[in-house]
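What follows is a set of notes on a single structure, which appears directly below.
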Amino acid sequence: MVSAGETRLLVVANRLPVTARAHKDGVRLAMSSGGLATGLRNWQERAGAIWIGWPGDVSRFSPAQLADLDRQLDRSGVVPVHLTADEIATYYEGFANQVLWPLCHYLVDRVPVDATGWRTYCDVNARFADAVCQAWRPGDLVWVHDYQLMLVPSLIRERLPEARIGYFHHIPFPSSEVLRILPWRQEVLRGLLGADVIGFHTFAYRRHFLTSLLDTEGLEAEVDTLEVGGRTVHTGVFPMGIDAAHFEALAREPETQAVVARLREEAAGRHIVLGVDRLDYTKGIPRRLLAFERLLERRPDLRDRVRYVQVAVPSREGVDAYRSFRRQVDELVGRVNGRFTTLGAVPVHYLHRSVTQRELVGLFGAADVMLVTPLRDGMNLVAKEFVAARPDGDGVLVLSEFAGAAAELGDALIVNPYDVDALSDCIERALTMPDTERRLRMANLRARVRRHDVHAWASGYLGALTQATAVATDAGDRPVDGEAALLAAVTVAEPQRWCLLLDYDGTLTPIVERPELATPNDDLLDLLRELAGAAEVDVHLVSGRPRDTLERWLGSLPVDLWAEHGFWHRPARQSRWESATAVPEDWWVKVLPILESFAATTPGTRVEQKSAALAWHYRGADPAFGERQAHELRLVLGDALSNQPLEVVEGKKVVEIRLRGVSKAAAARHVRRRHGPTRQVIAVGDDRTDEDLFQALPDGITVKVGPGATAARYRLDDVPAVHRVLRSLLTTWARAVP
Ligand code: GDG
């Protein structure tokens with residue numbers, strides 16, 4: 001595995017963590033420390049990180065200032081992708097923020113009817129990919145960020161097939177029913193699949209992504225990985241944290257304590273309820289104001305005892321929806337204040353501006369109740385910052401169930417932000433919560449936020465990316481693609497006496513919808529007969545199928561048959577089957593009813609009974625439902641089979657339960673016992689169960705059919721390729737024998 005100490009990181013994000021200001025002689029560059037930059041600090045110090053992205057609007061810079069900017073960026077390890085005003089209006093404000101942003105936040109009515117910008121989105125994504133390809137060196141890790149750049153992973157992959165690419169999605173990934181509204185859903189999904197590791201904040205987002213792939217592309221995940229064009233794509237859940245130590249230290253500084261004291265003094269004994277958000281329609285500000293209004297209606301006694309401070313940071317003001325949203329919020333604030341302001345107090349203090357980080361932490365420290373009630377939010381870091389900024393262990397967090405943070409911060413008061421009455425009750429509950437409960441909840445929240453901070457997040461993600469791509473950097477560990485390489489290996493191998501161990505389904509015949517229809521055709525039977533008839537060649541068919549099927553289909557051939565994954569063996573030219581292990585009589589009693597109940601409730605599935613195994617086949621089920629049921633079945637079996645001599649084996653669209661220790665490796669052991677090293681073994685298979693065979697033959701010529709991770713040394717694309725190779729071998733062997 002490559003360690004951080006040796007590996008450069010290319011971070012690709014729409015906006016660079018820099019601000020450039022022009023002055024008369026040139027440009028002043030300030031690096032800002034956003035969450036991501038902070039999380040990568042350790043990596044940057046050890047191995048170096050190069051940032052690639054948009055440095056902001058530099059349209060007013062003179063040519064000399066632009067040249068100065070590029071020089072300084074270069075010195076700071078930053079590669080700028082300059083965007084024109086038109087590109088920003090179309091790609092960023094147009095497509096990313098007017099189409100993808102509302103869609104991912106389930107606010108489909110906000111998507112303009114004349115959604116435009118797709119072409120520019122593609123072009124700008126291509127420009128980012130160009131910049132990455134130019135900066136890239138073999139071994140680098142590339143980490144692409146967020147919804148503005150969803151096509152970049154595949155655009156890089158096309159040009160640098162061996163690149164190690166990660167992608168992290170910072171906003172919600174919507175349900176597949178919402179994503180399918182997007183006319184370019186397929187392009188966007190395919191864009192992401194260029195990555196090796198696709199990261200999300202929550203399990204739900206990952207689930208939605210995988211369901212979208214199944215619905216749109218027919219691509220199925222095995223737990224959390226996907227096989228795409230011969231590559232393995234991993235998906236993972238990495239909830240982003242904050243620099244908790246920094247917020248805590250800032251909160252303890254005397255200057256910050258002074259801000260807290262001043263805010264409390266100004267509130268003159270009133271409770272402070274706080275909201276801090278970008279002024280964005282996803283953040284739930286109008287319903288929050290309505291809930292506060294309702295509270296003051298219901299509880300006149302609170303009217304002069306609570307102050308609600310709302311910081312609304314100006315955001316995306318170039319987008320129409322944000323301008324009209326601002327008016328809506330202004331009006332609501334005016335209405336609540338018009339109704340409830342007294343000569344002594346204004347209930348809502350509304351700041352439409354940003355604040356310094358010290359003011360922000362001061363506000364956190366002064367608040368009795370923090371309202372984080374977005375309608376949807378990828379994570380929401382403000383919730384975590386509030387918690388970290390409370391070393392006094394006090395304060396109540398009210399958190400929307402639709403913020404990613406809710407999946408982690410169960411000790412907050414969790415609320416449905418669409419339910420104005422519930423939100424109003426929740427604010428009341430927070431204001432009147434007993435001291436011990438407040439402190440207990442806050443203590444639990446603080447433990448979580450401190451432990452899972454931004455450093456843990458960045459190293460967790462990059463660790464996963466490093467590990468997932470470690471094989472790709474070591475060509476020696478990878479199966480060699482292609483028929484030519486395999487034939488060359490056979491031709492040079494000594495001795496020239498052979499054992500062929502061949503799987504059946506998916507290797508010699510294509511996988512079919514109904515397994516009973518996979519009968520061998522005459523071509524295949526001829527091929528196998530000729531192979532078995534060649535001098536010094538033994539052929540073994542090693543299948544998961546039951547004895548009677550193999551006998552019916554292949555019994556007339558002079559080959560060894562292995563049924564039920566090596567449990568039964570019928571030597572060539574004999575009629576008796578021998579079992580490899582003694583089978584306890586009632587081993588299936590517990591398992592069969594479970595499988596039958598799954599077959600009954602999952603249309604299109606069926607149970608197969610074998611001597612030493614039971615299998616639940618779900619190829620005929622609705623793909624998504626079948627996968628979900630298979631997952632459920634594994635969980636149920638996990639409980640039911642503990643302490644039993646049984647194991648669960650995954651196959652293609654089949655969950656199989658078999659006696660522990662029974663595997664195709666039995667066939668490998670048999671030929672080794674019988675012939676020792678005097679015969680070279682070629683083993684060919686496509687399924688997980690064939691991996692047992694490959695692993696038992698470390699010095700054999702092992703061949704995986706189709707994509708996917710494998711222990712095999714060679715890879716063939718498909719069944720026709722297997723037939724071609726076997727035919728060529730026949731010719732080679734015929735020539736070798738006089
Ligand atoms: C996206 C996702 C996800 C805000 N106002 C001021 C200020 N801030 C800082 C906060 C916080 C950050 O901005 C906002 O982060 P959020 O997480 O709340 O939201 P988004 O910007 O929408 O970010 C989001 C995030 O990506 C990370 O993956 O959590 O769900 O939408 O750090 O403190 N900072 C200062 N003054 C302000 O007025 N100094």
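Identifiers in the structure tokens: chain A, B, ... in order shown; residue index from 1 per chain; ligand index from 1 in order shown.
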DSSP strand (DSSP E) residues within segment 41-271 of chain A, listed as a VMD selection string
chain A and resid 49 to 54 78 to 80 141 to 145 164 to 168 197 to 200 221 to 222 225 to 228 231 to 237 271
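Look at segment 266-269 of chain A: the protein and nucleic acid residues within 12 Å of it, using only C-alpha atoms and passing over chain neighbours fewer than 2 places away, are Val259, Val260, Ala261, Arg262, Leu263, Arg264, His271, Ile272, Val273, Asp304, Arg305, Val306, Arg307, Tyr308, Val309, Gly344, Ala345, Val346, Pro347, Val348, His349, Leu363, Ala366, Ala367 and Asp368 of chain A.
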Keeping only N, CA, C and O atoms, take the residues you just selected and write them out as a tab-separated table (two decimals), in the first residue's frame.
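Final output, saved to part.tsv:
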```
chain	number	residue	atom	x	y	z
A	259	VAL	N	-17.03	38.81	23.36
A	259	VAL	CA	-18.17	38.92	22.42
A	259	VAL	C	-19.40	38.27	23.04
A	259	VAL	O	-20.51	38.82	23.01
A	260	VAL	N	-19.20	37.09	23.64
A	260	VAL	CA	-20.33	36.38	24.27
A	260	VAL	C	-20.95	37.27	25.35
A	260	VAL	O	-22.18	37.46	25.41
A	261	ALA	N	-20.10	37.83	26.19
A	261	ALA	CA	-20.60	38.65	27.30
A	261	ALA	C	-21.39	39.85	26.76
A	261	ALA	O	-22.47	40.19	27.29
A	262	ARG	N	-20.87	40.46	25.69
A	262	ARG	CA	-21.56	41.63	25.13
A	262	ARG	C	-22.93	41.25	24.58
A	262	ARG	O	-23.93	41.92	24.83
A	263	LEU	N	-22.98	40.12	23.87
A	263	LEU	CA	-24.27	39.69	23.28
A	263	LEU	C	-25.28	39.39	24.38
A	263	LEU	O	-26.46	39.74	24.29
A	264	ARG	N	-24.81	38.76	25.45
A	264	ARG	CA	-25.74	38.42	26.55
A	264	ARG	C	-26.22	39.69	27.24
A	264	ARG	O	-27.39	39.80	27.61
A	271	HIS	N	-33.65	34.95	26.59
A	271	HIS	CA	-33.04	33.79	25.96
A	271	HIS	C	-32.64	34.16	24.53
A	271	HIS	O	-33.35	34.92	23.87
A	272	ILE	N	-31.53	33.58	24.08
A	272	ILE	CA	-31.13	33.83	22.69
A	272	ILE	C	-31.32	32.55	21.87
A	272	ILE	O	-30.80	31.48	22.23
A	273	VAL	N	-32.11	32.68	20.81
A	273	VAL	CA	-32.29	31.59	19.85
A	273	VAL	C	-31.54	32.03	18.60
A	273	VAL	O	-31.67	33.18	18.17
A	304	ASP	N	-41.45	38.90	25.55
A	304	ASP	CA	-40.40	39.84	25.96
A	304	ASP	C	-39.21	39.10	26.58
A	304	ASP	O	-38.33	39.71	27.17
A	305	ARG	N	-39.23	37.75	26.42
A	305	ARG	CA	-38.17	37.00	27.09
A	305	ARG	C	-37.29	36.21	26.13
A	305	ARG	O	-36.36	35.50	26.54
A	306	VAL	N	-37.59	36.31	24.83
A	306	VAL	CA	-36.77	35.57	23.85
A	306	VAL	C	-36.33	36.50	22.72
A	306	VAL	O	-37.12	37.31	22.24
A	307	ARG	N	-35.09	36.35	22.32
A	307	ARG	CA	-34.60	37.09	21.16
A	307	ARG	C	-34.11	36.06	20.13
A	307	ARG	O	-33.34	35.17	20.48
A	308	TYR	N	-34.60	36.21	18.92
A	308	TYR	CA	-34.17	35.29	17.86
A	308	TYR	C	-33.21	36.05	16.93
A	308	TYR	O	-33.61	37.03	16.30
A	309	VAL	N	-31.97	35.60	16.90
A	309	VAL	CA	-30.97	36.24	16.04
A	309	VAL	C	-30.78	35.35	14.80
A	309	VAL	O	-30.43	34.17	14.93
A	344	GLY	N	-39.96	47.82	24.43
A	344	GLY	CA	-38.67	47.39	25.01
A	344	GLY	C	-37.90	46.41	24.14
A	344	GLY	O	-36.70	46.26	24.33
A	345	ALA	N	-38.56	45.70	23.21
A	345	ALA	CA	-37.83	44.60	22.56
A	345	ALA	C	-38.30	44.31	21.14
A	345	ALA	O	-39.49	44.37	20.84
A	346	VAL	N	-37.29	43.99	20.28
A	346	VAL	CA	-37.57	43.53	18.91
A	346	VAL	C	-37.31	42.01	18.91
A	346	VAL	O	-36.21	41.58	19.25
A	347	PRO	N	-38.31	41.17	18.58
A	347	PRO	CA	-38.08	39.72	18.72
A	347	PRO	C	-37.08	39.13	17.73
A	347	PRO	O	-36.28	38.28	18.09
A	348	VAL	N	-37.12	39.56	16.46
A	348	VAL	CA	-36.20	38.95	15.48
A	348	VAL	C	-35.10	39.95	15.13
A	348	VAL	O	-35.38	41.03	14.62
A	349	HIS	N	-33.86	39.56	15.39
A	349	HIS	CA	-32.72	40.38	14.96
A	349	HIS	C	-32.17	39.74	13.71
A	349	HIS	O	-31.65	38.62	13.77
A	363	LEU	N	-21.43	34.27	18.84
A	363	LEU	CA	-22.89	34.03	18.74
A	363	LEU	C	-23.23	32.62	19.22
A	363	LEU	O	-24.18	32.41	19.98
A	366	ALA	N	-23.17	32.50	22.92
A	366	ALA	CA	-24.22	33.25	23.62
A	366	ALA	C	-25.60	32.59	23.47
A	366	ALA	O	-26.51	32.88	24.23
A	367	ALA	N	-25.72	31.68	22.50
A	367	ALA	CA	-27.05	31.14	22.19
A	367	ALA	C	-27.50	30.10	23.23
A	367	ALA	O	-26.72	29.26	23.65
A	368	ASP	N	-28.77	30.19	23.62
A	368	ASP	CA	-29.34	29.12	24.44
A	368	ASP	C	-29.83	27.99	23.55
A	368	ASP	O	-29.76	26.83	23.92
```
May I have a table of the residues of chain A lying at most 8 Å from ligand 1, giving each one's closest pair of atoms and their distance in Å to one decimal, counting only C-alpha atoms and all ligand atoms, ordered by chain and ascending residue number, as a tab-separated table?
```
residue	atom	partner	partner_atom_place_in_ligand_line	distance
A:Gly34	CA	ligand 1	32 (O)	7.0
A:Gly35	CA	ligand 1	32 (O)	6.6
A:His169	CA	ligand 1	28 (O)	7.5
A:His170	CA	ligand 1	28 (O)	4.0
A:Ile171	CA	ligand 1	2 (C)	4.8
A:Pro172	CA	ligand 1	30 (O)	7.4
A:His201	CA	ligand 1	28 (O)	7.5
A:Met240	CA	ligand 1	28 (O)	6.0
A:Ile242	CA	ligand 1	32 (O)	7.8
A:Val276	CA	ligand 1	5 (N)	6.2
A:Asp277	CA	ligand 1	5 (N)	5.8
A:Arg278	CA	ligand 1	5 (N)	5.9
A:Val311	CA	ligand 1	38 (O)	7.0
A:Ala312	CA	ligand 1	38 (O)	7.5
A:Val313	CA	ligand 1	38 (O)	5.5
A:Arg353	CA	ligand 1	38 (O)	6.7
A:Ser354	CA	ligand 1	38 (O)	3.4
A:Val355	CA	ligand 1	38 (O)	4.0
A:Thr356	CA	ligand 1	39 (N)	4.5
A:Gln357	CA	ligand 1	39 (N)	3.6
A:Arg358	CA	ligand 1	39 (N)	7.3
A:Glu359	CA	ligand 1	39 (N)	7.7
A:Leu360	CA	ligand 1	36 (N)	6.0
A:Arg376	CA	ligand 1	30 (O)	8.0
A:Asp377	CA	ligand 1	30 (O)	4.2
A:Gly378	CA	ligand 1	30 (O)	3.4
A:Met379	CA	ligand 1	29 (O)	3.6
A:Asn380	CA	ligand 1	17 (O)	3.6
A:Leu381	CA	ligand 1	17 (O)	3.7
A:Val382	CA	ligand 1	18 (O)	4.8
A:Ala383	CA	ligand 1	18 (O)	7.5
A:Glu385	CA	ligand 1	33 (O)	6.7
A:Ala403	CA	ligand 1	30 (O)	7.1
A:Gly404	CA	ligand 1	30 (O)	7.0
A:Ala405	CA	ligand 1	29 (O)	7.9
```
Any chance you can output those residues with N, CA, C and O atoms as a tab-separated table (two decimals), in the first residue's frame?
```tsv
chain	number	residue	atom	x	y	z
A	34	GLY	N	-10.88	26.81	4.55
A	34	GLY	CA	-12.20	26.17	4.65
A	34	GLY	C	-12.03	24.78	5.26
A	34	GLY	O	-10.91	24.34	5.53
A	35	GLY	N	-13.14	24.09	5.45
A	35	GLY	CA	-13.12	22.77	6.07
A	35	GLY	C	-12.21	21.80	5.35
A	35	GLY	O	-11.35	21.16	5.95
A	169	HIS	N	-19.28	13.64	-2.70
A	169	HIS	CA	-20.52	14.38	-2.97
A	169	HIS	C	-20.93	15.10	-1.68
A	169	HIS	O	-21.28	14.44	-0.70
A	170	HIS	N	-20.85	16.43	-1.67
A	170	HIS	CA	-21.08	17.17	-0.43
A	170	HIS	C	-22.55	17.45	-0.15
A	170	HIS	O	-22.90	17.85	0.95
A	171	ILE	N	-23.40	17.32	-1.14
A	171	ILE	CA	-24.81	17.65	-0.94
A	171	ILE	C	-25.62	16.34	-0.95
A	171	ILE	O	-25.05	15.28	-1.21
A	172	PRO	N	-26.91	16.39	-0.68
A	172	PRO	CA	-27.65	15.12	-0.66
A	172	PRO	C	-27.60	14.46	-2.03
A	172	PRO	O	-27.59	15.15	-3.05
A	201	HIS	N	-21.98	11.57	2.52
A	201	HIS	CA	-22.04	11.84	3.96
A	201	HIS	C	-22.82	10.76	4.71
A	201	HIS	O	-22.55	10.50	5.87
A	240	MET	N	-18.64	14.10	6.93
A	240	MET	CA	-17.59	15.12	7.10
A	240	MET	C	-17.68	15.76	8.49
A	240	MET	O	-18.77	16.00	9.01
A	242	ILE	N	-15.66	18.69	11.37
A	242	ILE	CA	-15.11	20.05	11.37
A	242	ILE	C	-13.78	20.05	12.14
A	242	ILE	O	-13.42	19.05	12.74
A	276	VAL	N	-27.86	30.47	11.85
A	276	VAL	CA	-26.79	30.99	10.98
A	276	VAL	C	-26.80	30.17	9.69
A	276	VAL	O	-26.55	28.97	9.71
A	277	ASP	N	-27.13	30.82	8.60
A	277	ASP	CA	-27.21	30.07	7.34
A	277	ASP	C	-26.81	30.97	6.18
A	277	ASP	O	-26.96	32.19	6.27
A	278	ARG	N	-26.36	30.33	5.10
A	278	ARG	CA	-26.36	31.08	3.85
A	278	ARG	C	-27.81	31.35	3.53
A	278	ARG	O	-28.70	30.53	3.85
A	311	VAL	N	-28.64	35.11	11.38
A	311	VAL	CA	-27.63	35.61	10.45
A	311	VAL	C	-27.90	34.93	9.11
A	311	VAL	O	-27.94	33.71	9.04
A	312	ALA	N	-28.13	35.74	8.08
A	312	ALA	CA	-28.39	35.18	6.75
A	312	ALA	C	-27.31	35.72	5.83
A	312	ALA	O	-27.30	36.89	5.46
A	313	VAL	N	-26.36	34.84	5.50
A	313	VAL	CA	-25.20	35.28	4.73
A	313	VAL	C	-25.58	35.37	3.25
A	313	VAL	O	-26.09	34.40	2.69
A	353	ARG	N	-25.91	39.63	6.32
A	353	ARG	CA	-24.50	39.86	6.01
A	353	ARG	C	-23.69	38.72	6.61
A	353	ARG	O	-24.22	37.93	7.39
A	354	SER	N	-22.40	38.66	6.25
A	354	SER	CA	-21.58	37.64	6.91
A	354	SER	C	-20.99	38.23	8.18
A	354	SER	O	-21.00	39.45	8.37
A	355	VAL	N	-20.52	37.37	9.03
A	355	VAL	CA	-19.88	37.82	10.26
A	355	VAL	C	-18.47	37.23	10.30
A	355	VAL	O	-18.19	36.26	9.56
A	356	THR	N	-17.60	37.78	11.12
A	356	THR	CA	-16.26	37.19	11.23
A	356	THR	C	-16.38	35.87	12.01
A	356	THR	O	-17.38	35.64	12.68
A	357	GLN	N	-15.31	35.08	11.90
A	357	GLN	CA	-15.42	33.80	12.59
A	357	GLN	C	-15.49	34.00	14.11
A	357	GLN	O	-16.19	33.26	14.80
A	358	ARG	N	-14.82	35.05	14.61
A	358	ARG	CA	-14.91	35.28	16.05
A	358	ARG	C	-16.33	35.66	16.45
A	358	ARG	O	-16.87	35.19	17.46
A	359	GLU	N	-16.96	36.53	15.63
A	359	GLU	CA	-18.35	36.90	15.93
A	359	GLU	C	-19.25	35.66	15.89
A	359	GLU	O	-20.15	35.48	16.71
A	360	LEU	N	-18.97	34.80	14.89
A	360	LEU	CA	-19.76	33.58	14.73
A	360	LEU	C	-19.66	32.72	15.99
A	360	LEU	O	-20.68	32.30	16.58
A	376	ARG	N	-33.42	20.35	3.46
A	376	ARG	CA	-32.47	19.29	3.09
A	376	ARG	C	-31.10	19.90	3.21
A	376	ARG	O	-30.91	21.06	2.84
A	377	ASP	N	-30.12	19.11	3.63
A	377	ASP	CA	-28.75	19.60	3.72
A	377	ASP	C	-27.83	18.40	3.67
A	377	ASP	O	-28.10	17.41	4.36
A	378	GLY	N	-26.79	18.47	2.84
A	378	GLY	CA	-25.89	17.34	2.71
A	378	GLY	C	-25.42	16.87	4.07
A	378	GLY	O	-25.58	15.70	4.45
A	379	MET	N	-24.81	17.80	4.81
A	379	MET	CA	-24.37	17.50	6.17
A	379	MET	C	-24.88	18.59	7.10
A	379	MET	O	-25.68	18.38	7.95
A	380	ASN	N	-24.41	19.80	6.92
A	380	ASN	CA	-24.55	21.00	7.74
A	380	ASN	C	-23.48	21.04	8.83
A	380	ASN	O	-23.57	20.39	9.87
A	381	LEU	N	-22.48	21.83	8.52
A	381	LEU	CA	-21.35	21.94	9.43
A	381	LEU	C	-21.61	22.91	10.56
A	381	LEU	O	-20.99	22.83	11.62
A	382	VAL	N	-22.55	23.85	10.34
A	382	VAL	CA	-22.85	24.84	11.38
A	382	VAL	C	-23.30	24.12	12.65
A	382	VAL	O	-22.91	24.48	13.77
A	383	ALA	N	-24.10	23.06	12.50
A	383	ALA	CA	-24.59	22.31	13.68
A	383	ALA	C	-23.40	21.80	14.48
A	383	ALA	O	-23.37	21.89	15.72
A	385	GLU	N	-20.28	22.95	14.35
A	385	GLU	CA	-19.46	24.06	14.88
A	385	GLU	C	-20.05	24.61	16.17
A	385	GLU	O	-19.34	24.96	17.11
A	403	ALA	N	-31.15	16.98	7.60
A	403	ALA	CA	-29.74	17.35	7.47
A	403	ALA	C	-28.94	16.08	7.64
A	403	ALA	O	-29.26	15.26	8.50
A	404	GLY	N	-27.89	15.91	6.83
A	404	GLY	CA	-27.05	14.72	6.97
A	404	GLY	C	-26.55	14.57	8.40
A	404	GLY	O	-26.40	13.46	8.91
A	405	ALA	N	-26.32	15.70	9.08
A	405	ALA	CA	-25.80	15.68	10.44
A	405	ALA	C	-26.73	14.91	11.40
A	405	ALA	O	-26.28	14.38	12.41
```
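Closest approach to Thr235 of chain A among A:Arg127, A:Arg207, A:His675, A:Lys664 is made by A:Arg207 (distances from only C-alpha atoms).
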Please list as a PDB file with N, CA, C and O atoms, in the first residue's frame every residue within 8 Å of Leu541 of chain A, counting only C-alpha atoms and excluding residues in the same chain fewer than 4 positions away.
```pdb
ATOM      1  N   LEU A 501      -9.405 -27.647 -15.474  1.00  0.00           N
ATOM      2  CA  LEU A 501     -10.516 -27.591 -14.527  1.00  0.00           C
ATOM      3  C   LEU A 501     -11.457 -26.485 -15.006  1.00  0.00           C
ATOM      4  O   LEU A 501     -11.100 -25.301 -14.940  1.00  0.00           O
ATOM      5  N   LEU A 502     -12.615 -26.862 -15.504  1.00  0.00           N
ATOM      6  CA  LEU A 502     -13.482 -25.864 -16.139  1.00  0.00           C
ATOM      7  C   LEU A 502     -14.800 -25.731 -15.395  1.00  0.00           C
ATOM      8  O   LEU A 502     -15.487 -26.730 -15.142  1.00  0.00           O
ATOM      9  N   ASP A 503     -15.141 -24.512 -15.065  1.00  0.00           N
ATOM     10  CA  ASP A 503     -16.475 -24.230 -14.544  1.00  0.00           C
ATOM     11  C   ASP A 503     -17.453 -24.325 -15.724  1.00  0.00           C
ATOM     12  O   ASP A 503     -17.030 -24.277 -16.891  1.00  0.00           O
ATOM     13  N   TYR A 504     -18.746 -24.435 -15.428  1.00  0.00           N
ATOM     14  CA  TYR A 504     -19.702 -24.590 -16.536  1.00  0.00           C
ATOM     15  C   TYR A 504     -20.435 -23.270 -16.843  1.00  0.00           C
ATOM     16  O   TYR A 504     -20.113 -22.588 -17.818  1.00  0.00           O
ATOM     17  N   VAL A 559     -14.981 -37.291 -19.156  1.00  0.00           N
ATOM     18  CA  VAL A 559     -14.386 -36.229 -18.305  1.00  0.00           C
ATOM     19  C   VAL A 559     -14.768 -36.501 -16.855  1.00  0.00           C
ATOM     20  O   VAL A 559     -15.763 -37.163 -16.580  1.00  0.00           O
ATOM     21  N   ASP A 560     -13.954 -35.950 -15.914  1.00  0.00           N
ATOM     22  CA  ASP A 560     -14.337 -35.999 -14.503  1.00  0.00           C
ATOM     23  C   ASP A 560     -15.426 -34.959 -14.261  1.00  0.00           C
ATOM     24  O   ASP A 560     -15.287 -33.824 -14.727  1.00  0.00           O
ATOM     25  N   LEU A 561     -16.466 -35.341 -13.505  1.00  0.00           N
ATOM     26  CA  LEU A 561     -17.516 -34.366 -13.176  1.00  0.00           C
ATOM     27  C   LEU A 561     -17.444 -34.058 -11.680  1.00  0.00           C
ATOM     28  O   LEU A 561     -17.290 -34.964 -10.857  1.00  0.00           O
ATOM     29  N   TRP A 562     -17.554 -32.787 -11.369  1.00  0.00           N
ATOM     30  CA  TRP A 562     -17.598 -32.340  -9.966  1.00  0.00           C
ATOM     31  C   TRP A 562     -18.894 -31.566  -9.791  1.00  0.00           C
ATOM     32  O   TRP A 562     -19.093 -30.540 -10.453  1.00  0.00           O
TER      33      TRP A 562
END
```
All residues 12 Å or closer to Asp74 of chain A, only C-alpha atoms, same chain fewer than 4 positions away omitted, as a ChimeraX atom specification
/A:29,50-52,67-70,78-80,135
Quiz prompt | Selection near segment 142-159 of chain A, 7 Å with only C-alpha atoms, sequence-local residues under 2 positions removed, as a ChimeraX atom specification | solution = /A:9-14,92,96,125-126,128-129,133,140,161,163-170,188,191-195
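Distances to Ala721 of chain A were evaluated for A:Thr202, A:Gln44, A:Gln72, A:Thr509 using only C-alpha atoms, and the minimum falls at A:Thr509.
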Using only C-alpha atoms, the best pick from A:Val662, A:Leu179, A:Val449, A:Ile701 as closest to Ala389 of chain A would be A:Val449
Fewer than 4 positions away in the same chain doesn't count, so skip those; otherwise give me all residues within 9 Å of Val607 of chain A, counting only C-alpha atoms, as number ranges by chain. A: 592, 595-596, 598-599, 614-617
Resulting file, chosen residues, all heavy atoms, as a compact mmCIF listing (two decimals), in the first residue's frame:
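The file below, again_12.txt, is the result:
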```txt
# COMPACT_ATOMS: atom_id res chain seq x y z
N LEU A 592 -34.07 -24.45 5.31
CA LEU A 592 -35.04 -24.57 4.23
C LEU A 592 -36.29 -23.68 4.45
O LEU A 592 -36.69 -22.96 3.52
CB LEU A 592 -35.43 -26.04 4.03
CG LEU A 592 -36.35 -26.29 2.84
CD1 LEU A 592 -35.69 -25.87 1.53
CD2 LEU A 592 -36.75 -27.78 2.76
N LEU A 595 -35.55 -20.05 3.49
CA LEU A 595 -35.46 -19.82 2.05
C LEU A 595 -36.85 -19.90 1.41
O LEU A 595 -37.18 -19.10 0.52
CB LEU A 595 -34.54 -20.83 1.39
CG LEU A 595 -33.08 -20.82 1.82
CD1 LEU A 595 -32.23 -21.62 0.84
CD2 LEU A 595 -32.53 -19.40 1.90
N GLU A 596 -37.65 -20.83 1.87
CA GLU A 596 -38.98 -20.95 1.26
C GLU A 596 -39.83 -19.73 1.54
O GLU A 596 -40.60 -19.29 0.69
CB GLU A 596 -39.66 -22.23 1.74
CG GLU A 596 -39.08 -23.42 0.96
CD GLU A 596 -39.66 -24.76 1.35
OE1 GLU A 596 -40.19 -24.88 2.47
OE2 GLU A 596 -39.55 -25.68 0.52
N PHE A 598 -38.70 -16.71 1.84
CA PHE A 598 -38.22 -15.65 0.93
C PHE A 598 -38.72 -15.90 -0.49
O PHE A 598 -39.07 -14.97 -1.21
CB PHE A 598 -36.69 -15.55 0.97
CG PHE A 598 -36.22 -14.61 2.04
CD1 PHE A 598 -36.19 -15.01 3.36
CD2 PHE A 598 -35.83 -13.31 1.73
CE1 PHE A 598 -35.79 -14.14 4.37
CE2 PHE A 598 -35.42 -12.44 2.73
CZ PHE A 598 -35.40 -12.86 4.05
N ALA A 599 -38.75 -17.18 -0.88
CA ALA A 599 -39.25 -17.48 -2.24
C ALA A 599 -40.73 -17.13 -2.34
O ALA A 599 -41.18 -16.62 -3.37
CB ALA A 599 -39.03 -18.95 -2.54
N LEU A 614 -28.20 -25.58 -0.13
CA LEU A 614 -29.52 -25.07 -0.51
C LEU A 614 -29.27 -23.73 -1.18
O LEU A 614 -28.41 -22.97 -0.73
CB LEU A 614 -30.38 -24.84 0.72
CG LEU A 614 -31.00 -26.06 1.39
CD1 LEU A 614 -31.61 -25.66 2.72
CD2 LEU A 614 -32.07 -26.66 0.48
N ALA A 615 -30.01 -23.43 -2.23
CA ALA A 615 -29.75 -22.17 -2.92
C ALA A 615 -31.05 -21.43 -3.15
O ALA A 615 -32.08 -22.04 -3.46
CB ALA A 615 -29.06 -22.44 -4.24
N TRP A 616 -31.01 -20.11 -2.98
CA TRP A 616 -32.15 -19.26 -3.30
C TRP A 616 -31.76 -18.45 -4.54
O TRP A 616 -30.83 -17.65 -4.50
CB TRP A 616 -32.47 -18.34 -2.12
CG TRP A 616 -33.61 -17.41 -2.35
CD1 TRP A 616 -34.92 -17.74 -2.48
CD2 TRP A 616 -33.54 -15.98 -2.46
NE1 TRP A 616 -35.69 -16.62 -2.66
CE2 TRP A 616 -34.86 -15.52 -2.66
CE3 TRP A 616 -32.51 -15.05 -2.42
CZ2 TRP A 616 -35.17 -14.17 -2.82
CZ3 TRP A 616 -32.82 -13.70 -2.56
CH2 TRP A 616 -34.14 -13.28 -2.76
N HIS A 617 -32.44 -18.70 -5.66
CA HIS A 617 -32.11 -18.04 -6.93
C HIS A 617 -33.04 -16.84 -7.12
O HIS A 617 -34.25 -17.01 -7.06
CB HIS A 617 -32.33 -19.00 -8.10
CG HIS A 617 -31.37 -20.15 -8.10
ND1 HIS A 617 -30.16 -20.11 -8.74
CD2 HIS A 617 -31.44 -21.37 -7.51
CE1 HIS A 617 -29.53 -21.26 -8.56
NE2 HIS A 617 -30.28 -22.04 -7.81
```
